[in-house]
$ cat my_file-v9.cif   # mmCIF, C-alpha atoms and all ligand atoms
data_entry
#
loop_
_atom_site.label_atom_id
_atom_site.label_comp_id
_atom_site.auth_asym_id
_atom_site.auth_seq_id
_atom_site.Cartn_x
_atom_site.Cartn_y
_atom_site.Cartn_z
CA MET A 1 0.00 0.00 0.00
CA ILE A 2 1.29 3.47 -0.88
CA PRO A 3 -0.11 5.64 1.93
CA PHE A 4 -1.40 9.16 1.39
CA ASN A 5 1.06 10.55 3.94
CA LYS A 6 3.98 9.27 5.95
CA PRO A 7 5.57 11.68 8.43
CA PHE A 8 9.28 12.17 7.69
CA LEU A 9 11.89 11.97 10.45
CA THR A 10 15.23 13.72 9.98
CA GLY A 11 16.97 11.50 12.55
CA ASN A 12 17.71 14.19 15.15
CA GLU A 13 14.27 14.39 16.73
CA THR A 14 14.88 11.98 19.61
CA SER A 15 18.36 13.25 20.45
CA TYR A 16 17.02 16.81 20.72
CA ILE A 17 14.19 15.55 22.92
CA GLU A 18 16.84 13.86 25.12
CA GLN A 19 18.70 17.18 25.29
CA ALA A 20 15.51 18.93 26.39
CA VAL A 21 14.93 16.30 29.07
CA ALA A 22 18.55 16.51 30.26
CA SER A 23 18.28 20.29 30.55
CA GLY A 24 15.71 19.82 33.30
CA LYS A 25 13.26 22.25 31.66
CA ILE A 26 10.56 20.67 29.57
CA SER A 27 7.61 23.02 30.02
CA GLY A 28 6.99 25.69 27.38
CA ASN A 29 8.94 28.75 26.21
CA GLY A 30 12.37 27.19 26.79
CA GLN A 31 15.51 26.98 24.65
CA PHE A 32 14.05 24.91 21.82
CA SER A 33 10.85 26.97 21.60
CA GLN A 34 12.94 30.10 21.36
CA LYS A 35 15.24 28.54 18.74
CA CYS A 36 12.19 27.69 16.61
CA GLN A 37 10.65 31.14 17.02
CA ARG A 38 13.96 32.86 16.17
CA PHE A 39 14.17 30.72 13.02
CA PHE A 40 10.92 32.19 11.72
CA GLU A 41 11.67 35.73 12.87
CA GLU A 42 15.09 35.74 11.20
CA LYS A 43 14.37 33.79 8.01
CA TYR A 44 11.03 35.40 7.15
CA ARG A 45 11.32 38.69 9.08
CA PHE A 46 8.06 38.00 10.96
CA ARG A 47 7.82 40.60 13.72
CA LYS A 48 6.96 38.27 16.59
CA THR A 49 6.25 34.54 16.65
CA LEU A 50 4.85 32.28 19.37
CA LEU A 51 4.85 28.49 19.16
CA THR A 52 1.46 26.98 19.90
CA THR A 53 0.16 23.46 20.41
CA SER A 54 -1.61 23.61 17.02
CA CYS A 55 -2.63 25.93 14.21
CA THR A 56 -6.14 25.62 15.64
CA ASP A 57 -4.85 27.17 18.89
CA ALA A 58 -3.07 29.93 16.97
CA LEU A 59 -6.37 30.71 15.22
CA GLU A 60 -8.20 30.76 18.57
CA MET A 61 -5.55 33.12 19.94
CA SER A 62 -6.10 35.33 16.87
CA ALA A 63 -9.82 35.60 17.58
CA ILE A 64 -9.16 36.56 21.22
CA LEU A 65 -6.43 39.01 20.22
CA LEU A 66 -8.68 40.78 17.70
CA ASN A 67 -11.31 41.15 20.43
CA ILE A 68 -13.95 39.34 18.39
CA GLN A 69 -17.36 39.78 20.06
CA PRO A 70 -20.76 38.11 19.54
CA GLY A 71 -22.29 39.43 16.32
CA ASP A 72 -19.02 40.44 14.68
CA GLU A 73 -18.74 39.23 11.11
CA ILE A 74 -15.69 37.42 9.76
CA ILE A 75 -15.25 36.80 6.05
CA MET A 76 -13.41 33.62 5.03
CA PRO A 77 -13.53 30.95 2.33
CA SER A 78 -16.01 28.10 2.67
CA PHE A 79 -13.46 25.68 1.25
CA THR A 80 -11.24 25.37 4.32
CA PHE A 81 -10.59 23.33 7.45
CA VAL A 82 -13.15 23.65 10.27
CA SER A 83 -10.66 25.30 12.63
CA THR A 84 -10.45 28.42 10.45
CA ALA A 85 -14.13 29.08 11.20
CA ASN A 86 -14.49 27.41 14.58
CA ALA A 87 -11.90 29.66 16.22
CA PHE A 88 -14.10 32.70 15.52
CA VAL A 89 -17.41 30.94 16.21
CA LEU A 90 -16.08 30.21 19.72
CA ARG A 91 -16.04 34.00 20.31
CA GLY A 92 -19.63 34.33 19.04
CA ALA A 93 -18.77 35.61 15.57
CA LYS A 94 -20.94 35.16 12.50
CA ILE A 95 -19.03 33.64 9.61
CA VAL A 96 -19.69 35.08 6.18
CA PHE A 97 -18.43 32.47 3.77
CA ALA A 98 -16.91 33.59 0.48
CA ASP A 99 -16.52 31.56 -2.67
CA SER A 100 -13.24 30.23 -4.05
CA LYS A 101 -11.77 31.40 -7.31
CA SER A 102 -12.51 29.20 -10.30
CA SER A 103 -8.79 28.81 -11.02
CA ASN A 104 -7.84 27.58 -7.53
CA PRO A 105 -9.53 27.06 -4.12
CA ASN A 106 -8.31 30.37 -2.65
CA ILE A 107 -10.80 33.06 -1.63
CA ASP A 108 -12.08 35.07 -4.62
CA GLU A 109 -10.80 38.57 -3.85
CA THR A 110 -13.08 40.09 -6.51
CA LYS A 111 -16.16 39.07 -4.50
CA LEU A 112 -14.93 40.28 -1.10
CA GLU A 113 -16.05 43.89 -1.14
CA ASN A 114 -19.74 42.92 -1.58
CA LEU A 115 -19.62 40.90 1.64
CA ILE A 116 -18.40 43.73 3.87
CA THR A 117 -20.92 45.31 6.27
CA ASN A 118 -20.50 47.64 9.25
CA LYS A 119 -20.23 44.54 11.43
CA THR A 120 -17.29 43.07 9.53
CA LYS A 121 -14.18 42.84 11.71
CA ALA A 122 -11.74 40.67 9.79
CA ILE A 123 -10.95 38.79 6.61
CA VAL A 124 -9.34 35.39 7.08
CA VAL A 125 -7.54 34.08 4.01
CA VAL A 126 -6.32 30.52 3.52
CA HIS A 127 -3.35 29.92 1.22
CA TYR A 128 -4.64 26.62 -0.11
CA ALA A 129 -1.92 24.06 -0.93
CA GLY A 130 0.61 26.74 0.04
CA VAL A 131 -0.28 28.87 -2.99
CA ALA A 132 -0.76 32.55 -2.16
CA CYS A 133 -4.07 34.36 -2.22
CA GLU A 134 -4.08 37.71 -4.06
CA MET A 135 -2.61 39.57 -1.10
CA ASP A 136 -2.13 43.00 -2.72
CA GLU A 137 -5.83 43.31 -3.50
CA ILE A 138 -6.91 41.73 -0.20
CA MET A 139 -4.75 44.12 1.85
CA ARG A 140 -6.00 47.06 -0.24
CA ILE A 141 -9.62 46.17 0.57
CA ALA A 142 -8.82 45.52 4.25
CA ASN A 143 -7.08 48.88 4.60
CA LYS A 144 -9.91 50.69 2.82
CA TYR A 145 -12.51 49.32 5.29
CA LYS A 146 -10.12 49.16 8.29
CA LEU A 147 -10.43 45.41 8.70
CA PHE A 148 -7.98 43.00 10.24
CA VAL A 149 -6.45 40.30 8.05
CA VAL A 150 -5.50 36.88 9.40
CA GLU A 151 -3.59 34.52 7.12
CA ASP A 152 -4.37 30.88 7.80
CA ALA A 153 -0.97 29.81 6.48
CA ALA A 154 -1.28 26.28 7.92
CA GLN A 155 -0.19 24.82 4.57
CA ALA A 156 2.00 27.70 3.45
CA ILE A 157 5.41 27.35 5.12
CA ASP A 158 8.26 28.70 2.97
CA SER A 159 5.98 30.00 0.25
CA TYR A 160 5.91 33.49 -1.25
CA TYR A 161 3.76 36.14 -2.91
CA ASN A 162 5.71 38.59 -5.07
CA ASN A 163 8.89 37.44 -3.27
CA LYS A 164 7.47 38.22 0.19
CA PRO A 165 6.90 35.26 2.53
CA LEU A 166 3.35 34.16 3.26
CA GLY A 167 2.57 34.88 6.88
CA SER A 168 4.05 38.38 6.64
CA PHE A 169 1.06 40.15 5.06
CA GLY A 170 -1.75 39.91 7.62
CA HIS A 171 -1.93 41.56 11.04
CA LEU A 172 -1.72 37.94 12.21
CA ALA A 173 -0.86 34.63 10.59
CA THR A 174 -0.97 31.01 11.70
CA PHE A 175 1.07 27.95 10.70
CA SER A 176 0.56 24.25 11.41
CA PHE A 177 3.09 21.55 12.26
CA HIS A 178 0.54 18.75 12.27
CA GLU A 179 2.05 15.51 10.99
CA THR A 180 0.35 16.00 7.62
CA LYS A 181 2.21 19.27 6.97
CA ASN A 182 5.63 19.79 5.31
CA ILE A 183 7.39 20.49 8.62
CA GLN A 184 5.85 18.68 11.56
CA CYS A 185 6.04 17.71 15.22
CA GLY A 186 2.92 15.56 15.44
CA GLU A 187 0.76 18.40 16.70
CA GLY A 188 2.04 21.96 16.69
CA GLY A 189 1.52 25.46 15.40
CA LEU A 190 2.79 29.02 15.30
CA LEU A 191 1.16 32.39 15.73
CA VAL A 192 2.79 35.23 13.78
CA VAL A 193 2.11 38.74 15.04
CA ASN A 194 3.02 41.34 12.43
CA ASP A 195 1.06 44.23 13.96
CA GLN A 196 3.21 45.82 16.67
CA ASN A 197 0.06 46.88 18.57
CA LEU A 198 -0.85 43.23 19.15
CA VAL A 199 2.53 41.87 20.25
CA GLU A 200 2.36 42.50 23.99
CA ARG A 201 -1.15 41.13 24.43
CA ALA A 202 -0.37 38.06 22.29
CA GLU A 203 2.25 36.94 24.79
CA ILE A 204 -0.19 37.42 27.67
CA ILE A 205 -2.98 35.42 26.02
CA TRP A 206 -0.38 32.72 25.23
CA GLU A 207 0.49 32.30 28.92
CA LYS A 208 -2.96 31.99 30.53
CA GLY A 209 -3.65 35.72 30.69
CA THR A 210 -0.55 36.44 32.75
CA ASN A 211 2.47 38.66 32.12
CA ARG A 212 4.77 35.74 32.93
CA ALA A 213 6.94 36.11 29.80
CA ALA A 214 7.66 39.77 30.63
CA PHE A 215 8.47 38.72 34.22
CA PHE A 216 11.05 36.17 33.07
CA ARG A 217 12.67 38.81 30.87
CA GLY A 218 12.95 41.00 33.99
CA GLU A 219 10.58 43.67 32.60
CA VAL A 220 8.17 43.51 35.57
CA ASN A 221 9.02 42.51 39.15
CA LYS A 222 6.06 40.22 39.72
CA TYR A 223 3.63 38.50 37.45
CA GLY A 224 -0.10 38.06 37.72
CA TRP A 225 -3.44 37.80 35.99
CA VAL A 226 -3.82 40.73 33.61
CA ASP A 227 -6.14 39.54 30.79
CA ILE A 228 -8.02 36.53 29.44
CA GLY A 229 -5.93 33.76 27.94
CA SER A 230 -5.26 30.06 27.98
CA SER A 231 -2.43 27.56 27.90
CA PHE A 232 -1.45 27.82 24.25
CA LEU A 233 2.25 27.02 24.48
CA PRO A 234 3.67 23.57 23.67
CA SER A 235 6.12 21.65 25.83
CA GLU A 236 9.84 21.74 25.04
CA LEU A 237 9.56 18.11 23.92
CA ASN A 238 7.47 19.18 20.93
CA ALA A 239 9.71 22.16 20.23
CA ALA A 240 12.83 19.95 20.31
CA PHE A 241 11.24 17.62 17.74
CA LEU A 242 10.23 20.59 15.60
CA TRP A 243 13.74 22.04 15.70
CA ALA A 244 15.13 18.86 14.11
CA GLN A 245 12.68 19.40 11.25
CA LEU A 246 13.30 23.11 10.81
CA GLU A 247 17.05 22.50 10.58
CA ASN A 248 16.35 20.26 7.59
CA MET A 249 13.76 22.42 5.90
CA ASN A 250 15.70 22.91 2.64
CA LEU A 251 16.24 19.17 2.25
CA ILE A 252 12.56 18.45 2.91
CA GLN A 253 11.37 21.17 0.56
CA GLN A 254 13.67 20.12 -2.29
CA LYS A 255 12.37 16.57 -2.18
CA ARG A 256 8.72 17.59 -2.00
CA ILE A 257 9.12 19.99 -4.91
CA PHE A 258 10.79 17.21 -6.93
CA ILE A 259 7.77 14.95 -6.29
CA TRP A 260 5.30 17.73 -7.14
CA GLU A 261 7.04 18.51 -10.42
CA TYR A 262 7.24 14.83 -11.30
CA TYR A 263 3.47 14.46 -10.93
CA TYR A 264 2.78 17.67 -12.82
CA LYS A 265 4.90 16.68 -15.79
CA ALA A 266 3.77 13.06 -15.88
CA LEU A 267 0.07 14.02 -15.82
CA THR A 268 0.31 16.73 -18.48
CA THR A 269 -0.81 14.42 -21.30
CA ILE A 270 -4.08 13.48 -19.56
CA ALA A 271 -4.61 17.13 -18.65
CA GLN A 272 -4.17 18.15 -22.28
CA SER A 273 -6.98 15.83 -23.26
CA ASN A 274 -9.14 17.71 -20.69
CA LYS A 275 -9.81 14.63 -18.58
CA ILE A 276 -8.33 16.29 -15.51
CA GLN A 277 -7.33 19.84 -14.64
CA LEU A 278 -3.86 20.35 -13.13
CA PRO A 279 -3.31 22.91 -10.34
CA ILE A 280 -2.71 26.51 -11.37
CA VAL A 281 0.00 28.47 -9.58
CA PRO A 282 -0.30 32.18 -10.48
CA SER A 283 2.95 33.90 -11.53
CA CYS A 284 2.97 36.08 -8.38
CA ALA A 285 2.91 32.96 -6.17
CA THR A 286 5.33 30.12 -5.42
CA ASN A 287 4.59 26.45 -4.91
CA ASN A 288 5.85 24.94 -1.61
CA ALA A 289 4.71 21.44 -2.60
CA HIS A 290 2.47 21.06 0.41
CA MET A 291 0.13 18.91 -1.65
CA PHE A 292 -0.37 17.62 -5.14
CA TYR A 293 -3.97 17.86 -6.23
CA PHE A 294 -5.90 17.94 -9.48
CA THR A 295 -9.59 18.18 -10.26
CA CYS A 296 -11.66 15.51 -12.00
CA ALA A 297 -14.53 16.06 -14.42
CA SER A 298 -17.21 15.15 -11.85
CA LEU A 299 -17.86 13.71 -8.39
CA LYS A 300 -18.74 10.39 -9.98
CA GLU A 301 -15.47 10.23 -11.88
CA ARG A 302 -13.46 11.22 -8.79
CA THR A 303 -15.16 8.50 -6.71
CA ALA A 304 -14.36 5.94 -9.40
CA LEU A 305 -10.73 7.07 -9.65
CA ILE A 306 -10.20 6.92 -5.86
CA ALA A 307 -11.68 3.39 -5.88
CA HIS A 308 -9.47 2.38 -8.82
CA LEU A 309 -6.36 3.69 -7.04
CA LYS A 310 -7.38 1.93 -3.85
CA LYS A 311 -7.76 -1.37 -5.68
CA GLU A 312 -4.17 -0.86 -6.84
CA ASN A 313 -3.10 -0.16 -3.23
CA ILE A 314 -2.69 3.58 -3.65
CA HIS A 315 -4.33 5.83 -1.10
CA ALA A 316 -5.62 9.04 -2.73
CA VAL A 317 -8.10 11.30 -0.93
CA PHE A 318 -10.54 14.13 -1.50
CA HIS A 319 -10.47 17.21 0.71
CA TYR A 320 -12.72 19.82 2.34
CA LEU A 321 -16.49 19.78 2.24
CA SER A 322 -17.80 23.35 1.83
CA LEU A 323 -18.35 24.67 5.37
CA HIS A 324 -21.43 26.70 4.40
CA LYS A 325 -23.16 23.35 3.72
CA SER A 326 -21.90 21.60 6.86
CA PRO A 327 -24.43 20.19 9.36
CA PHE A 328 -23.27 22.82 11.87
CA TYR A 329 -23.52 25.84 9.57
CA ASP A 330 -26.02 25.30 6.76
CA LYS A 331 -28.93 26.78 8.76
CA LYS A 332 -26.79 29.77 9.72
CA HIS A 333 -25.54 30.44 6.18
CA ASP A 334 -27.33 33.23 4.31
CA GLY A 335 -28.21 31.04 1.34
CA ARG A 336 -25.77 32.36 -1.25
CA THR A 337 -24.57 29.72 -3.70
CA LEU A 338 -20.80 29.20 -3.61
CA SER A 339 -20.35 27.16 -6.75
CA ASN A 340 -16.56 27.13 -7.02
CA SER A 341 -16.26 25.95 -3.43
CA ASP A 342 -18.80 23.20 -4.11
CA ASN A 343 -16.98 22.27 -7.29
CA PHE A 344 -13.68 21.76 -5.42
CA THR A 345 -15.60 19.82 -2.76
CA ASP A 346 -16.80 17.40 -5.44
CA THR A 347 -13.87 17.11 -7.82
CA LEU A 348 -10.56 17.81 -6.05
CA LEU A 349 -8.34 14.77 -5.53
CA ARG A 350 -5.04 14.63 -3.63
CA LEU A 351 -2.27 12.16 -4.45
CA PRO A 352 0.26 10.66 -2.01
CA MET A 353 2.86 13.30 -1.13
CA PHE A 354 5.62 12.73 1.41
CA TYR A 355 9.40 12.84 1.66
CA ASP A 356 9.98 9.09 1.43
CA LEU A 357 7.80 8.56 -1.65
CA SER A 358 10.09 6.67 -4.05
CA GLU A 359 10.47 7.19 -7.77
CA ASN A 360 9.18 3.64 -8.29
CA ALA A 361 6.04 4.52 -6.39
CA LEU A 362 5.59 7.69 -8.46
CA VAL A 363 5.92 5.75 -11.70
CA ARG A 364 3.33 3.26 -10.45
CA ILE A 365 0.84 5.95 -9.31
CA VAL A 366 1.00 7.76 -12.66
CA LYS A 367 0.60 4.50 -14.57
CA VAL A 368 -2.52 3.55 -12.58
CA ILE A 369 -4.06 6.98 -13.30
CA ASN A 370 -3.20 6.71 -17.00
CA ASP A 371 -4.75 3.21 -17.11
CA PHE A 372 -7.94 4.55 -15.53
CA TYR A 373 -8.34 7.20 -18.20
CA GLU A 374 -7.64 4.74 -21.02
C1 LIG B 401 -4.02 21.73 8.95
C2 LIG B 401 -4.83 22.96 8.87
C3 LIG B 401 -5.35 23.58 10.01
C4 LIG B 401 -5.27 22.99 11.39
O1 LIG B 401 -3.97 22.79 11.84
P1 LIG B 401 -3.76 22.03 13.23
O2 LIG B 401 -2.29 22.31 13.51
O3 LIG B 401 -4.04 20.59 13.00
O4 LIG B 401 -4.64 22.65 14.24
C5 LIG B 401 -6.05 24.78 9.87
N1 LIG B 401 -6.24 25.33 8.66
C6 LIG B 401 -5.78 24.76 7.54
C7 LIG B 401 -6.01 25.43 6.23
C8 LIG B 401 -5.08 23.55 7.61
O5 LIG B 401 -4.63 22.97 6.48
#
$ encode --input "my_file-v9.cif" --output "structure tokens"
Amino acid sequence: MIPFNKPFLTGNETSYIEQAVASGKISGNGQFSQKCQRFFEEKYRFRKTLLTTSCTDALEMSAILLNIQPGDEIIMPSFTFVSTANAFVLRGAKIVFADSKSSNPNIDETKLENLITNKTKAIVVVHYAGVACEMDEIMRIANKYKLFVVEDAAQAIDSYYNNKPLGSFGHLATFSFHETKNIQCGEGGLLVVNDQNLVERAEIIWEKGTNRAAFFRGEVNKYGWVDIGSSFLPSELNAAFLWAQLENMNLIQQKRIFIWEYYYKALTTIAQSNKIQLPIVPSCATNNAHMFYFTCASLKERTALIAHLKKENIHAVFHYLSLHKSPFYDKKHDGRTLSNSDNFTDTLLRLPMFYDLSENALVRIVKVINDFYE
């Protein structure tokens, strides 16, 4: 069986965990957490970063940090992971779902302005498959209406828009280190705070509503309860594991991009006969090879192809189900049709993509797809 995903280990994970244990400090915000945070702040010039236990937690921190109140409206794509929406629903927000573009699953920036009301507080964008949303236009609209922008960059590590790293555009951005992501520690995430006005409070929310971090830097002489917050910081064991991955990011990225390009090239012939549509990466965006997907002609054809691959011991999967049609939200949705989102729900298929995927396996996967279409 060729699995859909297999988490890659660089080999240093356990020795770094042993180092963390030997240091006698394994709770959060220690040496390895700070090493990881510095990595992002130096490499991508993010203003301030905080490791979290997941991207979901980083999104929940974002909603607290932006002071989201019951009745506030948040605009985001329907074609995304539940956490993008749930984080804001937990604060009582109303989610206004936007459609995807027809060319890729990212939020359609041309339809954003129509969705803005005087209750709108923020736009949350999702860089699907690590491919950038149209950030110039999105930031222009956000500035015009004085809205916050949060980038759900869970899939977008080491990816760029007009040569600027994703995660550096929004007031806030969130990354995921879940084991299905390019760089992983099982469960993990990162909050990026680009807006200087939000930095101090972010650290307080991160540490249970206390000014503990400032205390340990010697900036205040005692620490206490100053705001709402929760326990959003991961243990040093997770950070030590993550550091082993970050150190090898170039190696991991090179291999994933090789696999992505192999698929793209090998499937071009079927795409030219219009049986499938290959992913489109706009010229302003880069591809970080988070996933390799294509779209099929119909739901029926996708179902048949997944079954065909499965019979040949290849695990391919579909992806998100439009959130505006979910059991939790369909009654709350305002009834607008989001046809591109629904189209990706029905037709998008993801192929196995992981570091250890061999060339033999790639050859076999492509052959099975070609056989299906013949
Ligand atoms: C993976 C993912 C998340 C959730 O990340 P966790 O670290 O598992 O909480 C959120 N949004 C998107 C777009 C994702 O791909």
$ atom_distance --input "my_file-v9.cif" --atom1 "atom CA of Lys300 of chain A" --atom2 "atom CA of Tyr373 of chain A"
13.6 Å
$ closest_atom_pairs --input "my_file-v9.cif" --of "chain A" --to "ligand LIG 401 (chain B)" --cutoff "6 Å" --atoms "all atoms listed in the file" --output "CSV"
residue,atom,partner,partner_atom,distance
A:Ser54,CA,B:LIG401,O2,3.8
A:Cys55,CA,B:LIG401,O2,3.7
A:Thr56,CA,B:LIG401,O4,3.6
A:Thr80,CA,B:LIG401,C7,5.6
A:Phe81,CA,B:LIG401,N1,4.9
A:Ser83,CA,B:LIG401,C5,5.4
A:Thr84,CA,B:LIG401,N1,5.5
A:Val126,CA,B:LIG401,C7,5.8
A:Asp152,CA,B:LIG401,C7,5.9
A:Ala154,CA,B:LIG401,C8,4.7
A:Gln155,CA,B:LIG401,O5,5.2
A:Ser176,CA,B:LIG401,O2,4.0
A:Phe177,CA,B:LIG401,O2,5.6
A:His178,CA,B:LIG401,O2,4.7
A:Glu187,CA,B:LIG401,O2,5.9
A:Gly188,CA,B:LIG401,O2,5.4
A:Gly189,CA,B:LIG401,O2,5.3
$ atom_distance --input "my_file-v9.cif" --atom1 "atom CA of Gly11 of chain A" --atom2 "atom CA of Glu41 of chain A"
24.8 Å
$ residues_around --input "my_file-v9.cif" --residues "Val363 of chain A" --least-positions-apart "5" --cutoff "9 Å" --atoms "all atoms listed in the file" --output "PDB file with C-alpha atoms, in the frame of the given file"
ATOM      1  CA  ALA A 266       3.770  13.060 -15.880  1.00  0.00           C
ATOM      2  CA  SER A 358      10.090   6.670  -4.050  1.00  0.00           C
ATOM      3  CA  VAL A 368      -2.520   3.550 -12.580  1.00  0.00           C
TER       4      VAL A 368
END
$ closest_residue --input "my_file-v9.cif" --among "A:Met353, A:Met1, A:Leu65, A:Leu9" --to "Gly186 of chain A" --atoms "all atoms listed in the file"
A:Leu9
$ atom_distance --input "my_file-v9.cif" --atom1 "atom CA of Glu247 of chain A" --atom2 "atom CA of Ile183 of chain A"
10.1 Å
$ residues_around --input "my_file-v9.cif" --residues "Phe79 of chain A" --least-positions-apart "2" --cutoff "12 Å" --atoms "all atoms listed in the file" --output "PyMOL selection string"
chain A and resi 76-77+81-85+97-101+104-108+125-129+319-326+338-346+348
$ residues_near_point --input "my_file-v9.cif" --point "(19.7, 24.2, 22.4)" --cutoff "12 Å" --atoms "only C-alpha atoms" --output "VMD selection string"
chain A and resid 15 to 23 25 30 to 36 236 to 237 239 to 241 243 to 244
$ write_last_selection --input "my_file-v9.cif" --atoms "C-alpha atoms" --output "compact mmCIF listing (two decimals), keeping the file's coordinate frame"
# COMPACT_ATOMS: atom_id res chain seq x y z
CA SER A 15 18.36 13.25 20.45
CA TYR A 16 17.02 16.81 20.72
CA ILE A 17 14.19 15.55 22.92
CA GLU A 18 16.84 13.86 25.12
CA GLN A 19 18.70 17.18 25.29
CA ALA A 20 15.51 18.93 26.39
CA VAL A 21 14.93 16.30 29.07
CA ALA A 22 18.55 16.51 30.26
CA SER A 23 18.28 20.29 30.55
CA LYS A 25 13.26 22.25 31.66
CA GLY A 30 12.37 27.19 26.79
CA GLN A 31 15.51 26.98 24.65
CA PHE A 32 14.05 24.91 21.82
CA SER A 33 10.85 26.97 21.60
CA GLN A 34 12.94 30.10 21.36
CA LYS A 35 15.24 28.54 18.74
CA CYS A 36 12.19 27.69 16.61
CA GLU A 236 9.84 21.74 25.04
CA LEU A 237 9.56 18.11 23.92
CA ALA A 239 9.71 22.16 20.23
CA ALA A 240 12.83 19.95 20.31
CA PHE A 241 11.24 17.62 17.74
CA TRP A 243 13.74 22.04 15.70
CA ALA A 244 15.13 18.86 14.11
$ closest_residue --input "my_file-v9.cif" --among "A:Asn360, A:Gln196, A:Thr286, A:Asn370" --to "Lys164 of chain A" --atoms "only C-alpha atoms"
A:Thr286
$ residues_near_point --input "my_file-v9.cif" --point "(7.0, 24.5, 28.9)" --cutoff "7 Å" --atoms "only C-alpha atoms" --output "ChimeraX atom specification"
/A:26-30,233-236
$ closest_residue --input "my_file-v9.cif" --among "A:Asp72, A:Glu109, A:Glu203, A:Asp136" --to "Thr52 of chain A" --atoms "all atoms listed in the file"
A:Glu203
